[in-house]
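Student: My structure is in work-v9.cif, and what it holds is mmCIF, C-alpha atoms and all ligand atoms:
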data_protein
loop_
_atom_site.label_atom_id
_atom_site.label_comp_id
_atom_site.auth_asym_id
_atom_site.auth_seq_id
_atom_site.Cartn_x
_atom_site.Cartn_y
_atom_site.Cartn_z
CA MET A 111 23.93 36.60 28.14
CA GLU A 112 26.96 35.68 26.13
CA VAL A 113 26.31 33.17 23.41
CA ARG A 114 29.26 31.87 21.47
CA LEU A 115 28.46 31.13 17.89
CA GLU A 116 30.33 29.49 15.13
CA MET A 117 30.10 31.71 12.11
CA ALA A 118 28.49 29.81 9.28
CA ARG A 119 30.72 29.87 6.24
CA LYS A 120 28.81 31.11 3.22
CA PRO A 121 29.77 29.13 0.16
CA LYS A 122 30.94 31.15 -2.82
CA VAL A 123 28.22 31.30 -5.42
CA ALA A 124 28.57 32.43 -9.01
CA ASP A 125 26.06 34.86 -10.52
CA GLY A 126 22.70 33.30 -11.34
CA GLN A 127 23.51 30.23 -9.28
CA VAL A 128 22.20 28.96 -5.98
CA ILE A 129 23.61 26.35 -3.63
CA GLN A 130 21.50 23.31 -3.06
CA TYR A 131 22.33 20.60 -0.61
CA THR A 132 22.17 16.97 -1.50
CA THR A 133 22.70 14.06 0.83
CA LEU A 134 23.78 10.61 -0.23
CA LYS A 135 23.35 7.83 2.26
CA VAL A 136 25.65 4.87 1.77
CA ARG A 137 26.19 1.63 3.62
CA LEU A 138 29.69 1.25 5.03
CA TYR A 139 31.69 -1.95 5.33
CA PRO A 140 34.53 -1.07 7.71
CA THR A 141 37.37 -3.48 8.46
CA GLU A 142 37.67 -4.70 12.02
CA ALA A 143 40.22 -2.00 12.82
CA GLN A 144 38.08 0.72 11.23
CA ALA A 145 34.98 -0.48 13.12
CA GLU A 146 37.00 -0.32 16.33
CA LEU A 147 38.03 3.24 15.53
CA PHE A 148 34.38 4.16 14.83
CA GLU A 149 33.34 2.72 18.19
CA LYS A 150 36.06 4.74 19.90
CA THR A 151 34.96 7.87 18.07
CA PHE A 152 31.30 7.35 19.01
CA GLY A 153 32.38 6.97 22.64
CA CYS A 154 34.65 10.03 22.57
CA CYS A 155 31.88 12.14 21.01
CA ARG A 156 29.48 11.18 23.78
CA TYR A 157 32.19 11.77 26.37
CA ILE A 158 33.13 15.23 25.11
CA TRP A 159 29.49 16.25 24.71
CA ASN A 160 28.75 15.26 28.31
CA ARG A 161 31.88 16.95 29.67
CA MET A 162 31.18 20.22 27.83
CA LEU A 163 27.55 20.15 28.89
CA ALA A 164 28.46 19.48 32.55
CA ASP A 165 30.94 22.37 32.53
CA GLN A 166 28.47 24.67 30.77
CA ARG A 167 25.95 23.84 33.48
CA ARG A 168 28.40 24.42 36.33
CA PHE A 169 29.60 27.70 34.83
CA TYR A 170 26.03 28.86 34.29
CA GLU A 171 25.07 28.07 37.87
CA GLU A 172 28.12 29.84 39.25
CA THR A 173 28.16 32.94 37.07
CA GLY A 174 24.84 33.11 35.20
CA ALA A 175 26.71 33.32 31.90
CA HIS A 176 26.58 30.82 29.05
CA PHE A 177 29.95 29.40 28.07
CA ILE A 178 31.05 26.12 26.50
CA PRO A 179 34.74 25.16 26.76
CA THR A 180 36.31 23.87 23.54
CA PRO A 181 37.25 20.19 23.19
CA ALA A 182 40.96 21.03 23.27
CA LYS A 183 40.66 21.86 26.97
CA TYR A 184 39.92 18.24 27.82
CA LYS A 185 42.67 16.51 25.90
CA ASN A 186 45.36 16.51 28.59
CA GLY A 187 43.02 15.05 31.18
CA ALA A 188 41.66 12.50 28.74
CA PRO A 189 44.46 11.47 26.35
CA PHE A 190 42.24 8.90 24.59
CA LEU A 191 40.54 11.83 22.88
CA LYS A 192 43.72 12.28 20.83
CA GLU A 193 43.22 8.88 19.22
CA VAL A 194 40.13 9.91 17.26
CA ASP A 195 39.47 12.45 14.50
CA ASN A 196 39.69 15.89 16.06
CA GLN A 197 37.06 17.09 13.57
CA ALA A 198 34.47 14.80 15.16
CA LEU A 199 35.06 16.43 18.54
CA THR A 200 34.88 19.94 17.04
CA GLN A 201 31.56 18.99 15.50
CA GLU A 202 30.22 17.94 18.91
CA TYR A 203 31.12 21.43 20.11
CA ASN A 204 29.27 22.97 17.15
CA LYS A 205 26.24 20.75 17.70
CA LEU A 206 26.10 21.63 21.39
CA ALA A 207 26.49 25.35 20.66
CA GLN A 208 23.70 25.08 18.08
CA ALA A 209 21.46 23.14 20.49
CA PHE A 210 21.85 25.94 23.03
CA ARG A 211 21.31 28.61 20.42
CA VAL A 212 17.93 27.23 19.35
CA PHE A 213 16.99 26.50 22.95
CA PHE A 214 17.70 30.09 24.04
CA LYS A 215 15.84 31.42 21.02
CA SER A 216 12.68 29.31 21.37
CA PRO A 217 12.63 27.34 24.62
CA GLU A 218 9.00 26.40 24.05
CA VAL A 219 9.95 24.44 20.96
CA PHE A 220 13.44 23.12 21.67
CA ARG A 221 14.45 21.25 24.76
CA HIS A 222 17.45 22.03 26.89
CA PRO A 223 20.39 19.91 25.65
CA LYS A 224 20.56 16.60 27.48
CA PHE A 225 23.38 14.31 28.51
CA LYS A 226 23.98 11.44 26.10
CA ARG A 227 23.82 7.82 27.11
CA LYS A 228 25.01 4.87 25.08
CA LYS A 229 21.73 3.14 25.76
CA ASP A 230 19.46 5.88 24.39
CA ASP A 231 21.46 7.86 21.89
CA ARG A 232 22.39 6.87 18.39
CA ASP A 233 26.04 6.05 17.81
CA SER A 234 27.26 8.69 15.38
CA PHE A 235 29.91 11.24 14.60
CA THR A 236 30.21 14.04 12.07
CA ALA A 237 33.28 15.42 10.31
CA CYS A 238 33.74 18.27 7.84
CA SER A 239 35.98 18.08 4.85
CA HIS A 240 38.73 20.68 4.52
CA GLU A 241 40.46 21.78 1.38
CA PHE A 242 44.25 21.76 1.39
CA GLU A 243 46.81 22.31 -1.34
CA SER A 244 47.12 18.55 -1.54
CA GLY A 245 43.35 18.10 -1.87
CA PRO A 246 40.34 17.64 0.41
CA THR A 247 40.57 15.70 3.67
CA ILE A 248 37.46 13.65 2.95
CA TYR A 249 36.55 12.35 -0.48
CA THR A 250 34.89 9.41 -2.18
CA THR A 251 36.63 6.80 -4.29
CA ARG A 252 35.06 4.31 -6.67
CA ASP A 253 33.97 1.98 -3.88
CA GLY A 254 34.82 3.78 -0.68
CA ILE A 255 35.08 6.95 1.35
CA ARG A 256 38.38 8.35 2.46
CA MET A 257 38.18 9.62 6.05
CA THR A 258 40.77 11.46 8.07
CA LYS A 259 41.78 8.79 10.58
CA ALA A 260 40.16 5.65 9.24
CA GLY A 261 41.59 5.86 5.72
CA ILE A 262 39.48 4.43 2.90
CA VAL A 263 36.34 2.74 4.22
CA LYS A 264 34.54 0.41 1.84
CA ALA A 265 31.12 1.75 0.87
CA LYS A 266 28.24 0.80 -1.39
CA PHE A 267 26.81 3.67 -3.43
CA SER A 268 23.30 3.42 -4.78
CA ARG A 269 23.81 6.76 -6.54
CA ARG A 270 27.04 8.42 -7.58
CA PRO A 271 27.90 12.00 -6.66
CA GLN A 272 28.19 14.35 -9.64
CA ALA A 273 31.61 15.73 -10.48
CA TRP A 274 30.68 19.34 -9.67
CA TRP A 275 29.28 18.57 -6.21
CA LYS A 276 31.47 19.57 -3.32
CA LEU A 277 31.66 17.25 -0.34
CA LYS A 278 30.89 19.30 2.73
CA ARG A 279 30.62 16.85 5.61
CA ILE A 280 29.92 13.26 6.54
CA THR A 281 28.03 11.65 9.39
CA VAL A 282 28.92 8.08 10.24
CA SER A 283 26.34 6.19 12.28
CA LYS A 284 25.60 2.70 13.48
CA THR A 285 22.13 1.24 13.66
CA LYS A 286 20.88 -0.84 16.57
CA ALA A 287 21.24 -3.93 14.40
CA GLY A 288 24.95 -3.15 13.95
CA LYS A 289 25.03 -1.77 10.39
CA TYR A 290 27.18 1.22 9.58
CA TYR A 291 25.99 4.04 7.35
CA CYS A 292 27.45 7.30 6.16
CA SER A 293 25.41 10.36 5.18
CA ILE A 294 27.42 12.53 2.83
CA LEU A 295 26.34 16.14 2.49
CA TYR A 296 27.24 17.97 -0.71
CA ASP A 297 27.11 21.59 -1.80
CA CYS A 298 25.66 21.58 -5.29
CA PRO A 299 25.81 24.86 -7.19
CA VAL A 300 22.97 24.91 -9.70
CA LYS A 301 21.47 27.45 -12.04
CA LYS A 302 18.83 29.48 -10.27
CA PRO A 303 15.52 28.00 -11.42
CA GLU A 304 13.13 30.20 -13.37
CA PRO A 305 10.02 30.76 -11.26
CA VAL A 306 7.11 28.68 -12.55
CA VAL A 307 3.72 30.40 -12.72
CA PRO A 308 1.06 27.87 -11.80
CA THR A 309 -2.42 27.68 -13.27
CA PRO A 310 -5.51 26.09 -11.66
CA GLU A 311 -4.95 23.07 -13.93
CA THR A 312 -1.37 22.57 -12.76
CA THR A 313 -2.02 23.17 -9.08
CA LEU A 314 -2.69 20.33 -6.69
CA GLY A 315 -4.49 20.46 -3.33
CA LEU A 316 -3.38 17.84 -0.82
CA LYS A 317 -4.96 16.87 2.44
CA TYR A 318 -3.39 14.69 5.10
CA SER A 319 -5.45 11.55 5.54
CA MET A 320 -5.21 9.05 8.34
CA GLY A 321 -6.42 6.22 6.17
CA HIS A 322 -4.77 7.07 2.85
CA PHE A 323 -1.71 9.12 3.86
CA TYR A 324 -2.95 11.87 1.56
CA VAL A 325 -5.98 12.64 -0.55
CA ALA A 326 -5.73 15.02 -3.52
CA ASP A 327 -8.40 17.35 -4.89
CA ASN A 328 -8.61 15.22 -8.05
CA GLY A 329 -9.54 12.22 -5.92
CA GLU A 330 -6.11 10.58 -6.01
CA MET A 331 -4.97 8.83 -2.83
CA ALA A 332 -1.57 7.58 -1.84
CA GLY A 333 -2.11 4.24 -0.26
CA PRO A 334 -1.39 2.94 2.29
CA PRO A 335 1.14 0.77 0.49
CA ARG A 336 0.92 -2.99 0.70
CA TRP A 337 4.46 -3.45 2.08
CA LEU A 338 3.45 -1.61 5.20
CA LYS A 339 0.76 -4.11 6.10
CA GLN A 340 3.04 -7.06 5.36
CA SER A 341 5.91 -5.67 7.41
CA ARG A 342 3.63 -4.86 10.30
CA GLU A 343 2.22 -8.35 10.34
CA LYS A 344 5.73 -9.76 10.47
CA LEU A 345 6.58 -7.38 13.28
CA VAL A 346 3.61 -8.54 15.32
CA ARG A 347 4.58 -12.19 14.78
CA ILE A 348 8.10 -11.60 16.09
CA GLN A 349 6.74 -9.69 19.06
CA GLN A 350 4.47 -12.60 19.96
CA LYS A 351 7.35 -15.04 19.59
CA LEU A 352 9.54 -12.87 21.81
CA SER A 353 6.97 -12.77 24.56
CA ARG A 354 7.07 -16.59 24.78
CA MET A 355 10.87 -16.84 24.92
CA GLU A 356 13.28 -16.83 27.80
CA PRO A 357 15.08 -13.45 27.85
CA GLY A 358 18.82 -13.88 27.50
CA SER A 359 18.67 -17.24 25.71
CA ARG A 360 20.32 -17.62 22.33
CA ASN A 361 17.00 -17.96 20.51
CA TYR A 362 15.78 -14.83 22.22
CA GLU A 363 18.84 -12.86 21.13
CA GLN A 364 18.39 -14.09 17.57
CA ALA A 365 14.75 -13.04 17.55
CA VAL A 366 15.68 -9.62 18.94
CA GLN A 367 18.20 -9.18 16.14
CA LYS A 368 15.54 -10.17 13.60
CA TYR A 369 13.19 -7.64 15.13
CA ARG A 370 15.76 -4.86 14.86
CA LEU A 371 16.53 -5.71 11.25
CA LEU A 372 12.84 -5.67 10.35
CA HIS A 373 12.43 -2.32 12.08
CA GLU A 374 15.24 -0.88 9.99
CA HIS A 375 13.77 -2.46 6.89
CA ILE A 376 10.45 -0.71 7.53
CA ALA A 377 12.22 2.61 8.09
CA ASN A 378 13.98 2.17 4.72
CA GLN A 379 10.75 1.28 2.96
CA ARG A 380 9.08 4.32 4.46
CA ARG A 381 11.89 6.61 3.34
CA ASP A 382 11.71 5.19 -0.17
CA PHE A 383 7.97 5.67 -0.27
CA LEU A 384 8.18 9.30 0.94
CA HIS A 385 10.88 10.10 -1.63
CA LYS A 386 9.06 8.47 -4.51
CA GLU A 387 5.70 10.07 -3.74
CA SER A 388 7.19 13.54 -3.21
CA SER A 389 9.23 13.32 -6.43
CA ARG A 390 6.24 12.17 -8.43
CA ILE A 391 4.12 15.08 -7.22
CA ALA A 392 6.86 17.72 -7.43
CA ASN A 393 7.64 16.69 -11.02
CA GLY A 394 4.02 16.45 -12.11
CA TRP A 395 2.60 19.69 -10.72
CA ASP A 396 3.56 23.37 -10.77
CA ALA A 397 2.29 24.22 -7.28
CA VAL A 398 1.05 22.22 -4.32
CA CYS A 399 -1.25 23.53 -1.58
CA MET A 400 -1.41 21.97 1.84
CA ARG A 401 -2.51 22.88 5.30
CA ASP A 402 0.15 23.57 7.89
CA ASP A 403 -1.11 20.90 10.29
CA ASP A 404 0.74 20.18 13.46
CA MET A 405 1.99 16.68 12.72
CA ARG A 406 3.21 16.02 16.24
CA GLU A 407 -0.24 16.62 17.64
CA MET A 408 -1.76 14.45 14.92
CA SER A 409 0.45 11.45 15.46
CA GLN A 410 -0.33 11.54 19.16
CA LYS A 411 -3.99 11.25 18.31
CA VAL A 412 -3.36 8.06 16.41
CA MET A 413 -0.89 6.23 18.59
CA LEU A 414 -1.78 2.93 17.00
CA GLY A 415 -2.18 4.34 13.53
CA ASN A 416 -0.03 3.18 10.66
CA ALA A 417 3.70 3.70 10.52
CA LEU A 418 3.32 6.47 7.98
CA GLU A 419 1.65 9.26 9.88
CA ALA A 420 4.93 10.16 11.52
CA GLY A 421 6.30 10.57 8.01
CA PHE A 422 3.87 13.21 6.83
CA GLY A 423 5.91 16.11 8.20
CA THR A 424 8.93 14.70 6.39
CA PHE A 425 6.86 14.28 3.24
CA ARG A 426 5.91 17.96 3.36
CA GLU A 427 9.55 19.01 3.75
CA LEU A 428 10.63 16.75 0.89
CA LEU A 429 7.90 18.20 -1.31
CA ARG A 430 8.92 21.73 -0.40
CA TYR A 431 12.53 21.37 -1.45
CA LYS A 432 11.77 19.27 -4.50
CA LEU A 433 9.35 21.95 -5.70
CA GLU A 434 11.66 24.81 -4.79
CA ARG A 435 14.57 23.46 -6.77
CA GLN A 436 12.34 23.57 -9.86
CA GLY A 437 11.20 27.13 -9.16
CA LYS A 438 7.80 25.87 -8.00
CA SER A 439 6.02 26.63 -4.77
CA LEU A 440 4.47 24.84 -1.85
CA VAL A 441 1.64 26.91 -0.41
CA LEU A 442 1.07 26.23 3.26
CA LEU A 443 -2.26 27.41 4.62
CA ASP A 444 -2.85 28.32 8.21
CA ARG A 445 -3.66 25.20 10.16
CA TYR A 446 -6.99 26.65 11.28
CA THR A 447 -8.22 27.29 7.74
CA PRO A 448 -11.70 25.70 7.69
CA THR A 449 -11.68 23.16 4.89
CA THR A 450 -13.94 20.28 5.84
CA ARG A 451 -17.13 22.21 6.53
CA THR A 452 -17.19 24.30 3.38
CA CYS A 453 -18.79 23.10 0.16
CA SER A 454 -16.10 23.37 -2.53
CA VAL A 455 -18.75 23.95 -5.22
CA CYS A 456 -21.02 26.66 -3.80
CA ALA A 457 -18.87 27.78 -0.84
CA MET A 458 -21.70 27.28 1.63
CA VAL A 459 -20.43 26.61 5.14
CA GLN A 460 -22.27 23.62 6.52
CA SER A 461 -23.83 23.69 9.92
CA GLY A 462 -26.63 21.15 10.05
CA VAL A 463 -24.71 18.49 8.14
CA ASP A 464 -22.54 15.82 9.79
CA TYR A 465 -19.37 16.87 8.00
CA THR A 466 -17.30 14.23 9.84
CA ALA A 467 -19.03 11.46 7.86
CA SER A 468 -17.06 10.15 4.91
CA ALA A 469 -19.66 11.50 2.48
CA TRP A 470 -22.31 14.20 2.67
CA THR A 471 -24.67 16.12 0.40
CA CYS A 472 -24.62 19.90 0.24
CA PRO A 473 -28.14 21.15 1.11
CA LYS A 474 -27.68 24.21 -1.07
CA CYS A 475 -26.28 22.92 -4.37
CA GLY A 476 -26.94 19.21 -3.93
CA THR A 477 -23.35 18.09 -4.62
CA ILE A 478 -22.42 14.78 -3.01
CA HIS A 479 -19.02 15.19 -1.41
CA ASN A 480 -16.36 12.79 -0.31
CA ARG A 481 -15.28 14.49 2.91
CA GLU A 482 -11.54 14.32 2.29
CA VAL A 483 -11.64 15.14 -1.42
CA ASN A 484 -13.87 18.14 -0.66
CA ALA A 485 -11.35 19.34 1.92
CA ALA A 486 -8.50 18.93 -0.58
CA LYS A 487 -10.50 20.97 -3.12
CA ASN A 488 -10.96 23.75 -0.58
CA ILE A 489 -7.26 23.66 0.23
CA LYS A 490 -6.51 24.08 -3.46
CA LEU A 491 -8.99 26.99 -3.82
CA GLU A 492 -7.50 28.77 -0.81
CA GLY A 493 -3.98 28.12 -2.05
CA LEU A 494 -4.78 29.44 -5.53
CA ALA A 495 -6.27 32.59 -4.02
CA ARG A 496 -3.00 33.05 -2.13
CA LEU A 497 -0.89 32.39 -5.23
CA CYS A 498 -2.80 34.97 -7.29
CA ALA A 499 -2.84 37.60 -4.54
ZN ZN A 501 -22.75 23.31 -2.17
#
Would you mind giving the structure from this file in C-alpha cells?
Tutor:
Amino acid sequence: MEVRLEMARKPKVADGQVIQYTTLKVRLYPTEAQAELFEKTFGCCRYIWNRMLADQRRFYEETGAHFIPTPAKYKNGAPFLKEVDNQALTQEYNKLAQAFRVFFKSPEVFRHPKFKRKKDDRDSFTACSHEFESGPTIYTTRDGIRMTKAGIVKAKFSRRPQAWWKLKRITVSKTKAGKYYCSILYDCPVKKPEPVVPTPETTLGLKYSMGHFYVADNGEMAGPPRWLKQSREKLVRIQQKLSRMEPGSRNYEQAVQKYRLLHEHIANQRRDFLHKESSRIANGWDAVCMRDDDMREMSQKVMLGNALEAGFGTFRELLRYKLERQGKSLVLLDRYTPTTRTCSVCAMVQSGVDYTASAWTCPKCGTIHNREVNAAKNIKLEGLARLCA
C-alpha cells in the first residue's frame, strides 16, 4: 500500500538545546470583513477535506491503493477556493494524510477519517508561518496577529510570547457561541534540562479519584473545586428553563446562547484548573508516580460524574510535559498494578477485607487505611522501585 507522507521538518537545534513547544491561546476580534473571510475559510476547509476524502475512497475502491489528491487539483473546478489562504487548504491535506497514517498504523485505536459536516464539526483552519527574506508570513503585533489573507486581526493576549520563540503555526477557530480564538504554536529552543534525581521525600504518588479528582500519598486531595458545583447548578437551571420554552422563540434563542456561553465558561475554568494543579505539582515535586488508567473506560463508568473526570487524561499529559521540561519524570505504572488491596505498611495483600470501603484496618499490622491514600502510597512505592531500578 502506498502511503504518501509529508516529511516532518526537523527544527535546527543548537548543541545542548532542545525544542519545546508552547501554545498561546488568544481571543480574536476580527472586523466584519475578516470574520467573513474566516467563515469562507472554514467552509473551504470542510469542502476540500470532503472532496479529498471522497476521491481517496473512490480511488481505493477502484484500485486498492491509497492516494489523496492535493488541493491544487480542485481549484479550477471550484474557483472560490482561490479566495482563501492556500496554506489552510494545504493543512487540510496534511491533516487528512496524518489521519490516514494513524488509522493504517493502529485501526483499533484510530477511526477511519470521516466526512465533515458544519453541524457536527468545529469551525477551524490551520496555517503555517513561512520565513521569507522580507520576514515571516504570520507574526504577532502588540495587539494583533498578522495573517496571510486577513491582514492584522485584533487579538487579546493574556501572556506575551518571548522574543526567542519562533511562531510555527496558528489555528483559528470559532466556538458554538460565536467567539473566535487563535491557538499559536511556538518552537521554543531551551537549554536541555539537567536530569533531576528524585528521593522518596521528593516523590509524589497520585491516584485518580472519582470524588476528589486525585488523592496523593501524603493525604492531599484536589477538590472538587467550588466553581464546578456552582456552574453545574446554573447549567441545570438553564436546562430546566429551556424545557419550558417554545423552541424557536426569541427567549428560547437567548437562553440557548446563554447555555452555550456557560458551557464554554466551564471548559475555560476546567482548563485553568488543570493547568494550575499540574504546574503546582510539577514545580513542587521531583518525580510523580501514577497508574496508567484507561481514562476513556473510566469516564464511561461515571456518565453522570463531575465535569472533571474527562480532564484527568489531559491532567496527566500536562504533568508529563511540565515535569519533563524540568528534567523530572512521570512514572506511569501498568494499569493492572494492584494498589488498592495491598497494605502500604506491611505489604500484606488483603483477601478477607472489604477493600472497596473507604477505610479498612490491616489484619496483620493493624494500620487503619484510607482506601485511596493507601492506593496512592502503593503507587509511590512501586514508582520508586521503578525509578531506582
Ligand atoms: Zn499491614
Student: Collect all residues with atoms no farther than 8 Å from ligand ZN 501 (chain A), counting all atoms listed in the file, and output them as a list of chain:residue names.
Tutor: A:Thr452, A:Cys453, A:Ser454, A:Val455, A:Cys456, A:Ala457, A:Met458, A:Thr471, A:Cys472, A:Pro473, A:Lys474, A:Cys475, A:Gly476, A:Thr477
Student: Can you pull out the residues contacting Thr447 (chain A)? Cut-off 10 Å, using all atoms listed in the file, and skip same-chain residues under 6 positions away; I want them as a list in words.
Tutor: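 Selected residues are Arg401, Asp402, Asp403, Asn488, Ile489 and Glu492 of chain A.
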Student: Have a look at A:Gly423, A:Pro140, A:Pro310, A:Gly394 and name the one nearest to Tyr290 (chain A); count only C-alpha atoms.
Tutor: A:Pro140
Student: Please, what distance in Å, to one decimal, runs between CA of Glu374 (chain A) and CA of Cys238 (chain A)?
Tutor: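 Answer for the CA of Glu374 (chain A) to CA of Cys238 (chain A) separation: 26.7 Å.
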Student: Residues within 12 Å of (38.2, 6.0, 2.6), file coordinates, counting all atoms listed in the file: what are they? Give the list as number ranges by chain.
Tutor: A: 138-141, 144, 247-266, 280, 292
Student: Tell me, as a list in words, which residues lie within 6 Å of Tyr291 (chain A), counting all atoms listed in the file; anything in the same chain fewer than 3 positions away does not count.
Tutor: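 Close residues of Tyr291 (chain A): Val136, Arg137, Leu138, Val282 and Ser283 of chain A.
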Student: Which residues, written as a PyMOL selection string, have at least one atom at most 10 Å from Trp159 (chain A), with all atoms listed in the file counted and residues fewer than 6 positions away on the same chain left out?
Tutor: chain A and resi 153+181+199+201-203+205-206+223-226
Student: Go ahead and save the residues from that selection, with C-alpha atoms, as a PDB file, keeping the file's coordinate frame.
Tutor:
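part21.pdb was written with the following content:
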ATOM      1  CA  GLY A 153      32.380   6.970  22.640  1.00  0.00           C
ATOM      2  CA  PRO A 181      37.250  20.190  23.190  1.00  0.00           C
ATOM      3  CA  LEU A 199      35.060  16.430  18.540  1.00  0.00           C
ATOM      4  CA  GLN A 201      31.560  18.990  15.500  1.00  0.00           C
ATOM      5  CA  GLU A 202      30.220  17.940  18.910  1.00  0.00           C
ATOM      6  CA  TYR A 203      31.120  21.430  20.110  1.00  0.00           C
ATOM      7  CA  LYS A 205      26.240  20.750  17.700  1.00  0.00           C
ATOM      8  CA  LEU A 206      26.100  21.630  21.390  1.00  0.00           C
ATOM      9  CA  PRO A 223      20.390  19.910  25.650  1.00  0.00           C
ATOM     10  CA  LYS A 224      20.560  16.600  27.480  1.00  0.00           C
ATOM     11  CA  PHE A 225      23.380  14.310  28.510  1.00  0.00           C
ATOM     12  CA  LYS A 226      23.980  11.440  26.100  1.00  0.00           C
TER      13      LYS A 226
END
Student: In Å, rounded to a single decimal, give me how far CA of Glu218 (chain A) is from CA of Gly493 (chain A).
Tutor: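 Interatomic distance here is 29.2 Å.
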Student: Go ahead and compute the interatomic distance for CA of Val300 (chain A) and CA of Ile129 (chain A), in Å to one decimal.
Tutor: 6.3 Å
Student: Quick one: of A:Pro308, A:Pro179, A:Pro246, A:Gly329, who's nearest to Leu433 (chain A), counting only C-alpha atoms?
Tutor: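 Checking each of A:Pro308, A:Pro179, A:Pro246, A:Gly329 against Leu433 (chain A), counting only C-alpha atoms, the winner is A:Pro308.
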Student: Would you list the residues near (33.9, 22.1, 7.3) (no more than 8 Å away, in the coordinates of the file, using only C-alpha atoms) as a ChimeraX atom specification?
Tutor: /A:237-240,278-279
